[in-house]
Amino acid sequence: MLLFVGIGTSSCFLSKNGTKNTKKQEIENTNRLIDAKKEQSLGNTEDAKTLFAICIKKDSKNAVAMYELANILIEEKNFEDAVVLAEEAAEISPENKWYQLQKAEIYTATHEYDKAAKIYKKLVEQQPEYIDYYYEWARIYILDLQYVKSIEVYNLLEKQIGVTEEISIQKHKIYLYLKDYEKAINEIKNLIEVFPSETRYWGILADLYTNLGKGTLALEAYNKIIEIDPDEANVHLSLANYYKSIGNKEKYLEEIKLAFENQELNIDSKIQIMMGYYSVNDAFENEEIKAEAFMLLQILVETHPDEAKSHSMYADFLYQNEEYRTATEELKEVIALDSTKYLVWEEYLLCWLNLESYDTLQINVEKTLEFFPEQAMVYLISAIAFIQEEEYEKAIEKLNTGSYFVGSEKKLSNDFNSMLGDAYHHTGEDALSDKHYDKVLEKQPLNLHVLNKYSYNLSLRGERLDDAEMMIKKVLGYKPNNPQYLDTYAWILYKKQKYEEAEEAILKAIDNFDEEIASIFEHYGDILYQLNKKEQAVEYWIKAKELGEENELLDKKIKDKKLYE
């Protein structure tokens, strides 16, 4: 509105020779400008553009209208028309800095950096005390990849306002990009000279020396930080990285411990360091690395006892190391501090599952469902525990309830259907068992687990033996030496009365097992009996019994030396 006030005031000083008509036109144009700005503020851009254009048509020297219309065109990315108006306005009023800045903006947007730089150079000459011009001038040179010239501008600004962090760090970055490391170092030294107690600058210098392989100088800078501020949170972390880079393991551990013990070093930085241990190849196989990780984790928990993150990270490592009992204690702490994280509850349940503490697991399943009733995985874990305890009806109930929450997760859906197939098999509901196995195979035709279980269950029932043989052959095409799959194949051949082929398959299974399996020895005994090798058959039945196989038919077979099925 100041612009419009200026226009209105100037109209009062018209020449006494001016006509009333000229005054009227000027007043109309001024009102038109005001209306145009009003329409623009209301978002009626097209109406505003029309009114500004009329102003220019009525007064070819109306720089204000040109400037305002150019601004609209800039917003519309119509730089071709905008630059014509901007240049005309600047020519009419060359001393108006806003018109010059508008030109510079357009030149920068159209990558005419040389023209934009010339404008800022002139503005700096006119108003050397106005520092924003220097920053824009330097920025344009950077956009134009003229880095040396941008530094020259920063040097001019530095003479004007003195050494500042913003200027020195910017020049430092440019020198690094140009690989002029000595000048990059000097910029930080200049900062330190002006602000000798600012540890951040010493840290930048130390890190730079480290990256340049100037270890002695880096160490001097790090020690300077400790001298200035012994409680500086990040210095021990930086020193640890330095000693790690030169292979000094003892000093690395000394410094990293000090870093982890420092409560001022934020926990997220420490968590990030521990995350690095996950990426170490065979970290849990290397006893030295594992001991180092657990040492730091214990310090982490001691230093941040009220942080859920510290206990959660410790629990993750314990779980990976199969220390499930200790992991449950840490996870209990996490839940007490923050019960809103589902994955923590899931890991807690998996610990109890791995510990085979099924009663405790089921108690915690119900607690978890109070917070997360729609998490399908909770129902699946519960079902696994029920199946392990041969409580198949309870497993089926959990699986059927949980299946409503599976959604579009293909793997989880397959897991549910696979387990339902297993559970229904044990309850004797064969049609439902087959139905769920078929659902898995529709989505995942090469699910080896389901193909093996499905084919074995069919063989036990003596049904669809050709389908069963086709399934297990498909599995063996991918895992030809898997002893469990070979045992299934042998048993299907046995059911098809192909006893010699069955013996060949069962022997291959026995050769590939790392230990003696009772059920396989019983199967082999049955095959031998059908091959009329009755004495050998009894020997393998007895071996199966000695290995812990418990069933009435086996006892009867041994006692009567006769096959019962």
# chains A, B, ... in the order shown; residues from 1 in each chain; ligands from 1
$ residues_around --residues "region 457-464 of chain A" --least-positions-apart "4" --cutoff "7 Å" --atoms "only C-alpha atoms" --output "PyMOL selection string"
chain A and resi 453+468+491-492+495
$ write_last_selection --atoms "N, CA and C atoms" --output "short mmCIF file (atom, residue, chain, number, x, y, z; two decimals), in the first residue's frame"
data_model
loop_
_atom_site.label_atom_id
_atom_site.label_comp_id
_atom_site.auth_asym_id
_atom_site.auth_seq_id
_atom_site.Cartn_x
_atom_site.Cartn_y
_atom_site.Cartn_z
N LYS A 453 3.81 -82.50 4.43
CA LYS A 453 2.81 -82.89 5.42
C LYS A 453 1.55 -83.44 4.76
N ALA A 468 -0.21 -88.09 -3.60
CA ALA A 468 0.79 -87.98 -2.54
C ALA A 468 2.20 -88.18 -3.10
N TRP A 491 7.51 -93.96 2.85
CA TRP A 491 6.25 -94.43 3.41
C TRP A 491 5.13 -94.45 2.38
N ILE A 492 5.13 -93.50 1.44
CA ILE A 492 4.14 -93.52 0.35
C ILE A 492 4.38 -94.75 -0.53
N LYS A 495 3.07 -97.74 1.17
CA LYS A 495 1.61 -97.85 1.07
C LYS A 495 1.16 -98.31 -0.32
#
$ select_by_dssp --residues "region 217-284 of chain A" --states "helix (DSSP H, G or I)" --output "NGL selection string"
:A and (217-228 or 235-245 or 249-261 or 267-278)
$ write_last_selection --atoms "N, CA and C atoms" --output "tab-separated table (two decimals), in the first residue's frame"
chain	number	residue	atom	x	y	z
A	217	LEU	N	47.75	-34.90	14.71
A	217	LEU	CA	47.06	-33.61	14.82
A	217	LEU	C	45.62	-33.81	15.28
A	218	ALA	N	44.98	-34.88	14.82
A	218	ALA	CA	43.61	-35.18	15.24
A	218	ALA	C	43.57	-35.43	16.74
A	219	LEU	N	44.52	-36.23	17.21
A	219	LEU	CA	44.56	-36.56	18.64
A	219	LEU	C	44.76	-35.30	19.48
A	220	GLU	N	45.61	-34.39	19.01
A	220	GLU	CA	45.84	-33.13	19.71
A	220	GLU	C	44.54	-32.33	19.83
A	221	ALA	N	43.79	-32.31	18.74
A	221	ALA	CA	42.52	-31.56	18.73
A	221	ALA	C	41.50	-32.20	19.68
A	222	TYR	N	41.42	-33.54	19.65
A	222	TYR	CA	40.49	-34.23	20.55
A	222	TYR	C	40.85	-33.96	22.01
A	223	ASN	N	42.14	-34.02	22.32
A	223	ASN	CA	42.58	-33.77	23.70
A	223	ASN	C	42.31	-32.34	24.12
A	224	LYS	N	42.36	-31.42	23.15
A	224	LYS	CA	42.04	-30.02	23.44
A	224	LYS	C	40.58	-29.90	23.89
A	225	ILE	N	39.72	-30.68	23.25
A	225	ILE	CA	38.29	-30.66	23.63
A	225	ILE	C	38.14	-31.11	25.08
A	226	ILE	N	38.85	-32.19	25.46
A	226	ILE	CA	38.77	-32.70	26.83
A	226	ILE	C	39.32	-31.68	27.81
A	227	GLU	N	40.36	-30.98	27.39
A	227	GLU	CA	40.96	-29.94	28.23
A	227	GLU	C	39.95	-28.81	28.48
A	228	ILE	N	39.24	-28.41	27.44
A	228	ILE	CA	38.26	-27.32	27.55
A	228	ILE	C	37.04	-27.77	28.34
A	235	VAL	N	33.03	-36.19	22.56
A	235	VAL	CA	34.46	-36.31	22.29
A	235	VAL	C	34.96	-37.75	22.44
A	236	HIS	N	34.45	-38.46	23.44
A	236	HIS	CA	34.91	-39.84	23.63
A	236	HIS	C	34.43	-40.74	22.49
A	237	LEU	N	33.26	-40.41	21.97
A	237	LEU	CA	32.77	-41.16	20.81
A	237	LEU	C	33.66	-40.90	19.60
A	238	SER	N	34.05	-39.65	19.42
A	238	SER	CA	34.96	-39.31	18.31
A	238	SER	C	36.32	-39.98	18.49
A	239	LEU	N	36.82	-39.96	19.73
A	239	LEU	CA	38.10	-40.61	20.01
A	239	LEU	C	38.01	-42.12	19.77
A	240	ALA	N	36.88	-42.70	20.14
A	240	ALA	CA	36.69	-44.14	19.90
A	240	ALA	C	36.76	-44.44	18.41
A	241	ASN	N	36.08	-43.62	17.60
A	241	ASN	CA	36.12	-43.82	16.15
A	241	ASN	C	37.54	-43.64	15.60
A	242	TYR	N	38.26	-42.67	16.19
A	242	TYR	CA	39.64	-42.45	15.76
A	242	TYR	C	40.51	-43.68	16.06
A	243	TYR	N	40.43	-44.19	17.29
A	243	TYR	CA	41.26	-45.35	17.65
A	243	TYR	C	40.84	-46.60	16.86
A	244	LYS	N	39.55	-46.68	16.57
A	244	LYS	CA	39.09	-47.81	15.75
A	244	LYS	C	39.67	-47.73	14.35
A	245	SER	N	39.76	-46.50	13.82
A	245	SER	CA	40.27	-46.32	12.46
A	245	SER	C	41.74	-46.68	12.34
A	249	LYS	N	42.56	-51.38	19.37
A	249	LYS	CA	41.35	-51.94	19.97
A	249	LYS	C	41.24	-51.58	21.45
A	250	GLU	N	42.35	-51.62	22.16
A	250	GLU	CA	42.33	-51.34	23.60
A	250	GLU	C	41.85	-49.92	23.88
A	251	LYS	N	42.42	-48.94	23.17
A	251	LYS	CA	42.02	-47.55	23.36
A	251	LYS	C	40.60	-47.31	22.86
A	252	TYR	N	40.21	-48.02	21.79
A	252	TYR	CA	38.84	-47.90	21.29
A	252	TYR	C	37.85	-48.30	22.38
A	253	LEU	N	38.07	-49.45	23.01
A	253	LEU	CA	37.17	-49.93	24.05
A	253	LEU	C	37.14	-48.98	25.24
A	254	GLU	N	38.29	-48.42	25.58
A	254	GLU	CA	38.38	-47.49	26.68
A	254	GLU	C	37.52	-46.25	26.42
A	255	GLU	N	37.61	-45.72	25.20
A	255	GLU	CA	36.87	-44.49	24.86
A	255	GLU	C	35.39	-44.76	24.64
A	256	ILE	N	35.07	-45.89	24.02
A	256	ILE	CA	33.65	-46.18	23.75
A	256	ILE	C	32.92	-46.43	25.07
A	257	LYS	N	33.61	-47.03	26.05
A	257	LYS	CA	33.01	-47.21	27.37
A	257	LYS	C	32.72	-45.87	28.03
A	258	LEU	N	33.70	-44.95	27.92
A	258	LEU	CA	33.50	-43.62	28.49
A	258	LEU	C	32.33	-42.90	27.81
A	259	ALA	N	32.20	-43.10	26.50
A	259	ALA	CA	31.09	-42.49	25.75
A	259	ALA	C	29.75	-43.04	26.23
A	260	PHE	N	29.67	-44.37	26.41
A	260	PHE	CA	28.42	-45.01	26.83
A	260	PHE	C	28.07	-44.66	28.28
A	261	GLU	N	29.10	-44.43	29.10
A	261	GLU	CA	28.85	-44.08	30.50
A	261	GLU	C	28.41	-42.63	30.66
A	267	ILE	N	20.85	-41.14	24.00
A	267	ILE	CA	20.71	-42.59	23.87
A	267	ILE	C	20.59	-43.03	22.41
A	268	ASP	N	20.03	-42.17	21.54
A	268	ASP	CA	19.88	-42.54	20.14
A	268	ASP	C	21.23	-42.74	19.46
A	269	SER	N	22.23	-41.93	19.85
A	269	SER	CA	23.58	-42.11	19.30
A	269	SER	C	24.15	-43.46	19.72
A	270	LYS	N	23.89	-43.85	20.94
A	270	LYS	CA	24.38	-45.13	21.45
A	270	LYS	C	23.65	-46.30	20.79
A	271	ILE	N	22.35	-46.13	20.61
A	271	ILE	CA	21.56	-47.19	19.93
A	271	ILE	C	22.08	-47.39	18.52
A	272	GLN	N	22.40	-46.28	17.84
A	272	GLN	CA	22.91	-46.35	16.47
A	272	GLN	C	24.22	-47.15	16.43
A	273	ILE	N	25.07	-46.96	17.43
A	273	ILE	CA	26.32	-47.72	17.49
A	273	ILE	C	26.02	-49.20	17.67
A	274	MET	N	25.07	-49.52	18.54
A	274	MET	CA	24.73	-50.93	18.77
A	274	MET	C	24.10	-51.56	17.52
A	275	MET	N	23.37	-50.76	16.76
A	275	MET	CA	22.79	-51.29	15.52
A	275	MET	C	23.88	-51.77	14.57
A	276	GLY	N	25.05	-51.12	14.66
A	276	GLY	CA	26.17	-51.53	13.80
A	276	GLY	C	26.61	-52.95	14.06
A	277	TYR	N	26.39	-53.44	15.29
A	277	TYR	CA	26.79	-54.82	15.60
A	277	TYR	C	25.93	-55.84	14.87
A	278	TYR	N	24.69	-55.45	14.53
A	278	TYR	CA	23.84	-56.36	13.76
A	278	TYR	C	24.41	-56.62	12.37
$ closest_atom_pairs --of "region 181-233 of chain A" --to "region 155-161 of chain A" --cutoff "12 Å" --atoms "only C-alpha atoms" --output "Markdown table"
| residue | atom | partner | partner_atom | distance |
| --- | --- | --- | --- | --- |
| A:Glu187 | CA | A:Asn155 | CA | 11.3 |
| A:Asn190 | CA | A:Glu158 | CA | 11.6 |
| A:Leu191 | CA | A:Glu158 | CA | 11.9 |
$ write_last_selection --atoms "N, CA and C atoms" --output "compact mmCIF listing (two decimals), in the first residue's frame"
# COMPACT_ATOMS: atom_id res chain seq x y z
N GLU A 187 40.14 -22.39 7.49
CA GLU A 187 38.86 -21.77 7.82
C GLU A 187 38.42 -22.13 9.24
N ASN A 190 40.61 -20.39 11.73
CA ASN A 190 40.20 -18.99 11.89
C ASN A 190 39.05 -18.88 12.89
N LEU A 191 38.12 -19.82 12.79
CA LEU A 191 37.00 -19.84 13.74
C LEU A 191 37.50 -20.06 15.16
$ residues_around --residues "Glu516 (chain A)" --least-positions-apart "4" --cutoff "8 Å" --atoms "only C-alpha atoms" --output "list in words"
Ile510, Phe521 and Leu547 of chain A
$ write_last_selection --atoms "N, CA and C atoms" --output "JSON list (two decimals), in the first residue's frame"
[["chain", "number", "residue", "atom", "x", "y", "z"],
["A", 510, "ILE", "N", 18.05, -92.62, 6.19],
["A", 510, "ILE", "CA", 18.87, -92.95, 7.37],
["A", 510, "ILE", "C", 20.29, -92.43, 7.20],
["A", 521, "PHE", "N", 13.32, -95.84, 12.07],
["A", 521, "PHE", "CA", 13.71, -97.25, 12.27],
["A", 521, "PHE", "C", 12.47, -98.14, 12.30],
["A", 547, "LEU", "N", 15.21, -96.28, 21.18],
["A", 547, "LEU", "CA", 15.39, -94.84, 20.93],
["A", 547, "LEU", "C", 14.23, -94.00, 21.47]]
$ residues_around --residues "Tyr314 (chain A)" --least-positions-apart "5" --cutoff "8 Å" --atoms "only C-alpha atoms" --output "PyMOL selection string"
chain A and resi 294+297-298+301+327+330
$ closest_residue --among "A:Tyr324, A:Trp98, A:Tyr499, A:Tyr540" --to "Ala518 (chain A)" --atoms "only C-alpha atoms"
A:Tyr540
$ residues_around --residues "His523 (chain A)" --least-positions-apart "2" --cutoff "10 Å" --atoms "only C-alpha atoms" --output "PyMOL selection string"
chain A and resi 487+490-491+494+502-503+506+518-521+525-529+537+540-541+544
$ residues_around --residues "region 99-114 of chain A" --least-positions-apart "4" --cutoff "8 Å" --atoms "only C-alpha atoms" --output "VMD selection string"
chain A and resid 67 71 74 79 82 to 83 86 to 87 89 to 90 93 to 94 118 to 120 140 to 141 143 to 144
$ write_last_selection --atoms "N, CA and C atoms" --output "PDB file, in the first residue's frame"
ATOM      1  N   TYR A  67       5.850  -4.265 -12.350  1.00  0.00           N
ATOM      2  CA  TYR A  67       6.464  -5.053 -11.267  1.00  0.00           C
ATOM      3  C   TYR A  67       5.461  -6.056 -10.682  1.00  0.00           C
ATOM      4  N   ASN A  71       5.420 -10.195 -10.962  1.00  0.00           N
ATOM      5  CA  ASN A  71       5.396 -11.091  -9.790  1.00  0.00           C
ATOM      6  C   ASN A  71       4.396 -12.233  -9.971  1.00  0.00           C
ATOM      7  N   ILE A  74       5.808 -14.648 -12.446  1.00  0.00           N
ATOM      8  CA  ILE A  74       6.884 -15.458 -11.837  1.00  0.00           C
ATOM      9  C   ILE A  74       6.268 -16.639 -11.081  1.00  0.00           C
ATOM     10  N   PHE A  79       8.368 -17.137 -17.007  1.00  0.00           N
ATOM     11  CA  PHE A  79       9.523 -16.241 -16.900  1.00  0.00           C
ATOM     12  C   PHE A  79       9.770 -15.450 -18.191  1.00  0.00           C
ATOM     13  N   ALA A  82       7.545 -12.497 -17.897  1.00  0.00           N
ATOM     14  CA  ALA A  82       7.878 -11.763 -16.670  1.00  0.00           C
ATOM     15  C   ALA A  82       9.137 -10.936 -16.850  1.00  0.00           C
ATOM     16  N   VAL A  83      10.144 -11.495 -17.544  1.00  0.00           N
ATOM     17  CA  VAL A  83      11.418 -10.788 -17.657  1.00  0.00           C
ATOM     18  C   VAL A  83      11.287  -9.508 -18.483  1.00  0.00           C
ATOM     19  N   ALA A  86       9.845  -7.002 -16.068  1.00  0.00           N
ATOM     20  CA  ALA A  86      10.811  -6.666 -15.020  1.00  0.00           C
ATOM     21  C   ALA A  86      11.917  -5.759 -15.552  1.00  0.00           C
ATOM     22  N   GLU A  87      12.398  -6.079 -16.732  1.00  0.00           N
ATOM     23  CA  GLU A  87      13.457  -5.256 -17.326  1.00  0.00           C
ATOM     24  C   GLU A  87      12.954  -3.849 -17.641  1.00  0.00           C
ATOM     25  N   ALA A  89      10.467  -2.246 -16.075  1.00  0.00           N
ATOM     26  CA  ALA A  89      10.273  -1.527 -14.817  1.00  0.00           C
ATOM     27  C   ALA A  89      11.610  -1.026 -14.274  1.00  0.00           C
ATOM     28  N   ALA A  90      12.646  -1.886 -14.366  1.00  0.00           N
ATOM     29  CA  ALA A  90      13.971  -1.503 -13.860  1.00  0.00           C
ATOM     30  C   ALA A  90      14.584  -0.382 -14.688  1.00  0.00           C
ATOM     31  N   SER A  93      12.789   2.864 -13.540  1.00  0.00           N
ATOM     32  CA  SER A  93      13.239   3.306 -12.211  1.00  0.00           C
ATOM     33  C   SER A  93      14.487   2.510 -11.824  1.00  0.00           C
ATOM     34  N   PRO A  94      15.645   2.842 -12.385  1.00  0.00           N
ATOM     35  CA  PRO A  94      16.861   2.058 -12.160  1.00  0.00           C
ATOM     36  C   PRO A  94      17.341   2.060 -10.709  1.00  0.00           C
ATOM     37  N   LYS A 118      25.663  -9.824 -11.621  1.00  0.00           N
ATOM     38  CA  LYS A 118      25.968  -8.409 -11.879  1.00  0.00           C
ATOM     39  C   LYS A 118      25.025  -7.498 -11.107  1.00  0.00           C
ATOM     40  N   ILE A 119      23.762  -7.919 -10.997  1.00  0.00           N
ATOM     41  CA  ILE A 119      22.799  -7.108 -10.261  1.00  0.00           C
ATOM     42  C   ILE A 119      23.180  -7.044  -8.783  1.00  0.00           C
ATOM     43  N   TYR A 120      23.533  -8.211  -8.203  1.00  0.00           N
ATOM     44  CA  TYR A 120      23.893  -8.224  -6.775  1.00  0.00           C
ATOM     45  C   TYR A 120      25.201  -7.479  -6.529  1.00  0.00           C
ATOM     46  N   ILE A 140      24.421 -17.423  -5.838  1.00  0.00           N
ATOM     47  CA  ILE A 140      24.309 -17.486  -7.301  1.00  0.00           C
ATOM     48  C   ILE A 140      25.591 -18.045  -7.917  1.00  0.00           C
ATOM     49  N   TYR A 141      26.736 -17.637  -7.388  1.00  0.00           N
ATOM     50  CA  TYR A 141      28.000 -18.180  -7.901  1.00  0.00           C
ATOM     51  C   TYR A 141      28.096 -19.689  -7.640  1.00  0.00           C
ATOM     52  N   LEU A 143      25.491 -21.730  -7.450  1.00  0.00           N
ATOM     53  CA  LEU A 143      24.584 -22.348  -8.434  1.00  0.00           C
ATOM     54  C   LEU A 143      25.244 -22.426  -9.806  1.00  0.00           C
ATOM     55  N   ASP A 144      26.069 -21.427 -10.088  1.00  0.00           N
ATOM     56  CA  ASP A 144      26.761 -21.369 -11.388  1.00  0.00           C
ATOM     57  C   ASP A 144      28.078 -22.160 -11.366  1.00  0.00           C
TER      58      ASP A 144
END
$ residues_around --residues "Glu165 (chain A)" --least-positions-apart "4" --cutoff "10 Å" --atoms "only C-alpha atoms" --output "number ranges by chain"
A: 169-171, 187-188, 190-192, 194-195, 201
$ closest_residue --among "A:Lys24, A:Leu448, A:His425, A:Lys561" --to "Gln536 (chain A)" --atoms "only C-alpha atoms"
A:Lys561
$ closest_residue --among "A:Tyr348, A:Tyr342, A:Tyr478, A:Tyr209" --to "Glu374 (chain A)" --atoms "only C-alpha atoms"
A:Tyr342
$ atom_distance --atom1 "CA of Lys533 (chain A)" --atom2 "CA of Lys562 (chain A)"
11.3 Å
$ decode --residues "region 100-173 of chain A" --atoms "C-alpha atoms" --output "CSV table (one decimal), in the first residue's frame"
chain,number,residue,atom,x,y,z
A,100,GLN,CA,16.5,-5.0,-9.5
A,101,LEU,CA,15.9,-7.9,-7.1
A,102,GLN,CA,13.0,-9.0,-9.2
A,103,LYS,CA,15.2,-9.1,-12.3
A,104,ALA,CA,17.8,-11.1,-10.4
A,105,GLU,CA,15.2,-13.6,-9.3
A,106,ILE,CA,14.1,-14.2,-12.8
A,107,TYR,CA,17.6,-14.5,-14.1
A,108,THR,CA,18.4,-17.0,-11.4
A,109,ALA,CA,15.3,-19.1,-12.2
A,110,THR,CA,16.3,-19.1,-15.9
A,111,HIS,CA,19.9,-20.0,-15.1
A,112,GLU,CA,21.2,-16.7,-16.4
A,113,TYR,CA,23.5,-16.5,-13.4
A,114,ASP,CA,26.0,-14.0,-14.9
A,115,LYS,CA,23.2,-11.4,-15.2
A,116,ALA,CA,21.9,-12.1,-11.7
A,117,ALA,CA,25.4,-11.8,-10.2
A,118,LYS,CA,26.0,-8.4,-11.9
A,119,ILE,CA,22.8,-7.1,-10.3
A,120,TYR,CA,23.9,-8.2,-6.8
A,121,LYS,CA,27.4,-6.8,-7.4
A,122,LYS,CA,25.8,-3.4,-8.1
A,123,LEU,CA,23.5,-3.7,-5.1
A,124,VAL,CA,26.4,-4.4,-2.8
A,125,GLU,CA,28.3,-1.4,-4.2
A,126,GLN,CA,25.2,0.8,-3.5
A,127,GLN,CA,24.4,-0.7,0.0
A,128,PRO,CA,27.6,-2.5,1.3
A,129,GLU,CA,26.1,-2.6,4.8
A,130,TYR,CA,23.1,-4.8,3.6
A,131,ILE,CA,24.5,-8.3,4.2
A,132,ASP,CA,21.6,-10.3,2.6
A,133,TYR,CA,22.9,-9.1,-0.8
A,134,TYR,CA,26.3,-10.8,-0.2
A,135,TYR,CA,24.7,-14.1,0.7
A,136,GLU,CA,22.5,-14.1,-2.4
A,137,TRP,CA,25.4,-13.1,-4.6
A,138,ALA,CA,27.6,-15.9,-3.2
A,139,ARG,CA,24.7,-18.4,-3.6
A,140,ILE,CA,24.3,-17.5,-7.3
A,141,TYR,CA,28.0,-18.2,-7.9
A,142,ILE,CA,27.6,-21.6,-6.2
A,143,LEU,CA,24.6,-22.3,-8.4
A,144,ASP,CA,26.8,-21.4,-11.4
A,145,LEU,CA,29.5,-23.7,-10.1
A,146,GLN,CA,31.9,-20.7,-9.7
A,147,TYR,CA,33.1,-21.7,-6.3
A,148,VAL,CA,36.1,-19.5,-6.2
A,149,LYS,CA,34.0,-16.4,-6.9
A,150,SER,CA,31.6,-17.4,-4.2
A,151,ILE,CA,34.4,-17.5,-1.7
A,152,GLU,CA,35.6,-14.0,-2.9
A,153,VAL,CA,32.1,-12.7,-2.1
A,154,TYR,CA,32.2,-14.4,1.4
A,155,ASN,CA,35.6,-12.7,2.0
A,156,LEU,CA,34.0,-9.3,1.2
A,157,LEU,CA,31.2,-10.0,3.6
A,158,GLU,CA,33.7,-11.2,6.2
A,159,LYS,CA,35.5,-7.8,6.0
A,160,GLN,CA,32.2,-6.2,6.5
A,161,ILE,CA,31.0,-8.2,9.6
A,162,GLY,CA,34.0,-10.2,10.8
A,163,VAL,CA,34.5,-13.9,11.2
A,164,THR,CA,31.3,-15.9,11.8
A,165,GLU,CA,30.4,-19.5,12.0
A,166,GLU,CA,28.0,-19.3,9.0
A,167,ILE,CA,30.6,-17.8,6.6
A,168,SER,CA,33.6,-19.9,7.8
A,169,ILE,CA,31.7,-23.2,7.7
A,170,GLN,CA,30.3,-22.4,4.2
A,171,LYS,CA,33.8,-21.6,2.9
A,172,HIS,CA,35.1,-24.7,4.7
A,173,LYS,CA,32.6,-26.9,2.8
